[in-house]
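Here's start19.txt, which has compact mmCIF, C-alpha atoms:
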```
# COMPACT_ATOMS: atom_id res chain seq x y z
CA MET I 353 148.97 248.96 53.43
CA LYS I 354 145.84 249.91 55.38
CA ILE I 355 144.59 247.35 57.90
CA LEU I 356 141.42 247.39 59.99
CA PHE I 357 140.68 245.09 62.93
CA VAL I 358 137.04 244.54 63.85
CA CYS I 359 135.45 243.13 67.00
CA THR I 360 132.19 243.53 68.85
CA GLY I 361 132.54 246.63 71.01
CA ASN I 362 135.98 247.90 69.94
CA ILE I 363 137.15 247.85 73.55
CA CYS I 364 139.06 244.54 73.82
CA ARG I 365 140.22 242.43 70.90
CA SER I 366 140.41 244.94 68.07
CA PRO I 367 142.16 247.71 70.05
CA MET I 368 144.68 245.13 71.28
CA ALA I 369 145.27 244.07 67.66
CA GLU I 370 145.56 247.68 66.51
CA GLY I 371 148.05 248.48 69.27
CA LEU I 372 150.05 245.33 68.69
CA LEU I 373 150.41 245.81 64.94
CA ARG I 374 151.30 249.50 65.31
CA HIS I 375 153.92 248.54 67.89
CA LYS I 376 155.40 245.85 65.67
CA LEU I 377 155.49 248.14 62.64
CA LYS I 378 157.28 250.81 64.66
CA GLN I 379 159.79 248.26 65.97
CA GLU I 380 160.55 247.20 62.40
CA GLY I 381 160.77 250.81 61.19
CA MET I 382 157.85 250.24 58.82
CA GLU I 383 154.82 252.30 57.98
CA GLY I 384 151.22 251.30 57.57
CA HIS I 385 147.81 252.61 58.50
CA VAL I 386 146.20 250.56 61.28
CA ASP I 387 142.80 251.13 62.87
CA SER I 388 140.06 249.24 64.67
CA CYS I 389 136.32 249.42 65.16
CA GLY I 390 133.32 247.42 66.30
CA PHE I 391 129.64 246.75 65.76
CA GLU I 392 128.19 247.34 69.23
CA PRO I 393 127.07 250.97 69.62
CA PHE I 394 126.98 250.70 73.42
CA HIS I 395 130.73 251.36 73.69
CA VAL I 396 131.13 254.13 71.09
CA GLY I 397 133.34 256.83 72.58
CA ASP I 398 134.68 254.56 75.33
CA HIS I 399 138.31 253.78 76.05
CA PRO I 400 139.44 250.14 75.97
CA ASP I 401 138.56 247.75 78.77
CA SER I 402 140.97 248.23 81.68
CA ARG I 403 142.07 244.58 81.44
CA ALA I 404 143.00 245.02 77.76
CA VAL I 405 144.93 248.16 78.67
CA ALA I 406 146.74 246.32 81.50
CA VAL I 407 147.74 243.34 79.35
CA CYS I 408 149.00 245.60 76.58
CA ARG I 409 150.86 247.82 79.05
CA LYS I 410 152.50 244.72 80.55
CA ASN I 411 153.80 244.04 77.03
CA GLY I 412 155.05 247.57 76.41
CA ILE I 413 152.06 248.79 74.39
CA ASN I 414 149.86 251.73 75.33
CA ILE I 415 146.29 251.52 74.02
CA SER I 416 144.72 253.70 76.72
CA GLY I 417 144.07 256.59 74.33
CA HIS I 418 141.99 254.50 71.93
CA ILE I 419 138.36 255.60 71.46
CA ALA I 420 135.80 253.00 70.33
CA ARG I 421 134.02 253.60 67.05
CA LEU I 422 131.56 251.77 64.82
CA PHE I 423 132.30 250.10 61.50
CA THR I 424 130.74 251.89 58.52
CA ALA I 425 130.40 250.78 54.91
CA LYS I 426 132.97 253.48 54.02
CA ASP I 427 135.57 251.37 55.84
CA PHE I 428 135.45 248.97 52.90
CA ASP I 429 136.86 251.81 50.78
CA ARG I 430 139.39 253.03 53.34
CA PHE I 431 141.13 249.71 54.11
CA ASP I 432 142.98 247.13 52.07
CA LEU I 433 142.42 244.34 54.59
CA ILE I 434 139.79 243.89 57.27
CA TYR I 435 140.46 241.26 59.93
CA ILE I 436 137.59 239.98 62.05
CA MET I 437 137.62 238.09 65.32
CA ASP I 438 134.54 235.83 65.09
CA ASP I 439 131.57 234.59 63.06
CA SER I 440 129.21 237.36 64.15
CA HIS I 441 131.60 239.95 62.72
CA TYR I 442 131.67 238.11 59.40
CA TYR I 443 127.86 238.17 59.18
CA HIS I 444 127.72 241.86 60.16
CA LEU I 445 130.21 242.73 57.45
CA LYS I 446 128.43 240.59 54.90
CA ALA I 447 125.19 242.44 55.65
CA LEU I 448 126.92 245.81 55.18
CA ALA I 449 128.89 244.82 52.07
CA ARG I 450 127.78 246.65 48.96
CA ASN I 451 129.15 244.01 46.60
CA ASN I 452 131.33 240.89 46.48
CA SER I 453 134.55 242.89 46.17
CA ASP I 454 133.90 244.43 49.62
CA MET I 455 134.00 240.95 51.15
CA LEU I 456 137.25 240.09 49.35
CA ARG I 457 138.98 242.42 51.84
CA VAL I 458 137.61 240.49 54.85
CA ASP I 459 139.24 237.54 56.60
CA TYR I 460 139.33 235.95 60.01
CA LEU I 461 142.44 237.05 61.88
CA MET I 462 143.23 233.47 62.89
CA ASN I 463 143.30 232.38 59.24
CA LEU I 464 146.76 233.91 59.22
CA LEU I 465 147.85 231.12 61.57
CA VAL I 466 145.49 228.30 60.59
CA PRO I 467 144.46 229.06 57.00
CA GLY I 468 140.89 228.39 55.95
CA LYS I 469 139.65 227.23 59.35
CA ASN I 470 137.87 230.48 60.29
CA LEU I 471 138.85 230.03 63.92
CA GLU I 472 137.62 232.69 66.31
CA VAL I 473 139.55 234.85 68.74
CA ASP I 474 137.58 234.34 71.95
CA ASP I 475 136.03 237.44 73.46
CA PRO I 476 137.78 237.92 76.81
CA TRP I 477 135.33 240.56 78.08
CA TYR I 478 133.24 238.01 79.99
CA HIS I 479 136.27 236.52 81.75
CA ASP I 480 139.23 237.37 83.95
CA ILE I 481 142.65 238.79 83.11
CA LYS I 482 143.94 235.35 82.07
CA ALA I 483 141.48 235.37 79.17
CA PHE I 484 142.85 238.76 78.08
CA GLU I 485 146.38 237.36 78.24
CA SER I 486 145.36 234.37 76.12
CA THR I 487 143.63 236.63 73.60
CA PHE I 488 146.69 238.90 73.49
CA SER I 489 148.92 235.90 72.72
CA LYS I 490 146.74 234.79 69.80
CA ILE I 491 146.54 238.29 68.38
CA ASP I 492 150.28 238.75 68.85
CA ALA I 493 151.04 235.64 66.80
CA ALA I 494 148.66 236.77 64.06
CA CYS I 495 150.22 240.25 63.96
CA GLU I 496 153.66 238.67 63.58
CA GLU I 497 152.28 236.85 60.55
CA ILE I 498 150.92 240.11 59.11
CA ILE I 499 154.38 241.66 59.43
CA LYS I 500 156.01 238.66 57.73
CA ARG I 501 153.50 238.36 54.90
CA LEU I 502 152.65 241.94 54.12
CA PHE I 503 155.56 244.06 55.22
CA LEU I 504 158.63 241.80 54.97
CA LYS I 505 157.95 240.39 51.52
CA PRO I 506 161.12 239.03 49.89
```
Produce structure tokens that represent the structure in this file.
Amino acid sequence: MKILFVCTGNICRSPMAEGLLRHKLKQEGMEGHVDSCGFEPFHVGDHPDSRAVAVCRKNGINISGHIARLFTAKDFDRFDLIYIMDDSHYYHLKALARNNSDMLRVDYLMNLLVPGKNLEVDDPWYHDIKAFESTFSKIDAACEEIIKRLFLKP
């Protein structure tokens, strides 16, 4: 299974999700390809936000080596599932989609927890460390659901 997480700058939410899912897969002794990217070119080549790194580190996950990259239309071909964090990401992907089947790979990450509601994972970048902790908790719960649904099938 190949999973891609997408957020705005690829320095907060999506690297946390990538790190979390990789960590969980390793803990379970499972394999999968996990990556993340964004839409904002301003952060391409940057490491994650220091607050995202700190919250992950506090939870035993090292994302400090991550390098931000942009989403490309080729990502539709490379990944089985593409999880987005908010409405703007959905509209960016829809604009880049080459056909309807591209969009069949896309879903809101929070739909794993509250199906069909298209709830957003708030962007913590504009806030303090508590916002990063809250975002981490939401992403953590969603990643647990990914493990249950996709990797621990009965």
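Of the listed residues I:Leu464, I:Cys364, I:Leu502, I:Ile419, the one whose atoms come nearest to Glu485 of chain I is I:Cys364, with distances taken using all atoms listed in the file.
For the residues I:Asp474, I:Leu373, I:Asp387, I:Gln379, ranking by smallest atom-to-atom distance to Leu422 of chain I using only C-alpha atoms places I:Asp387 first.
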**Contacts of Leu372 of chain I within 8 Å, all atoms listed in the file, excl. fewer than 2 positions in-chain, as JSON, numbers by chain** = {"I": [368, 369, 370, 374, 375, 376, 408, 413, 491, 492, 495]}
**Message:** Given the point (145.5, 234.6, 77.6) in the coordinates of this file, which residues lie within 12 Å, counting all atoms listed in the file, and how would they look as a PyMOL selection string?
**Reply:** chain I and resi 365+403-404+407-408+473-477+479-492
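Restricting the calculation to all atoms listed in the file, the smallest distance between Leu471 of chain I and any of I:Glu380, I:Gly371, I:Cys359, I:Asp459 is found for I:Asp459.
For the atom pair formed by atom CA of Asp454 of chain I and atom CA of Phe431 of chain I, the distance is 10.0 Å, given to one decimal.
The closest residue to Tyr443 of chain I, picked from I:Gly384, I:Phe391, I:Gly412, I:Lys426 and counting only C-alpha atoms, is I:Phe391.
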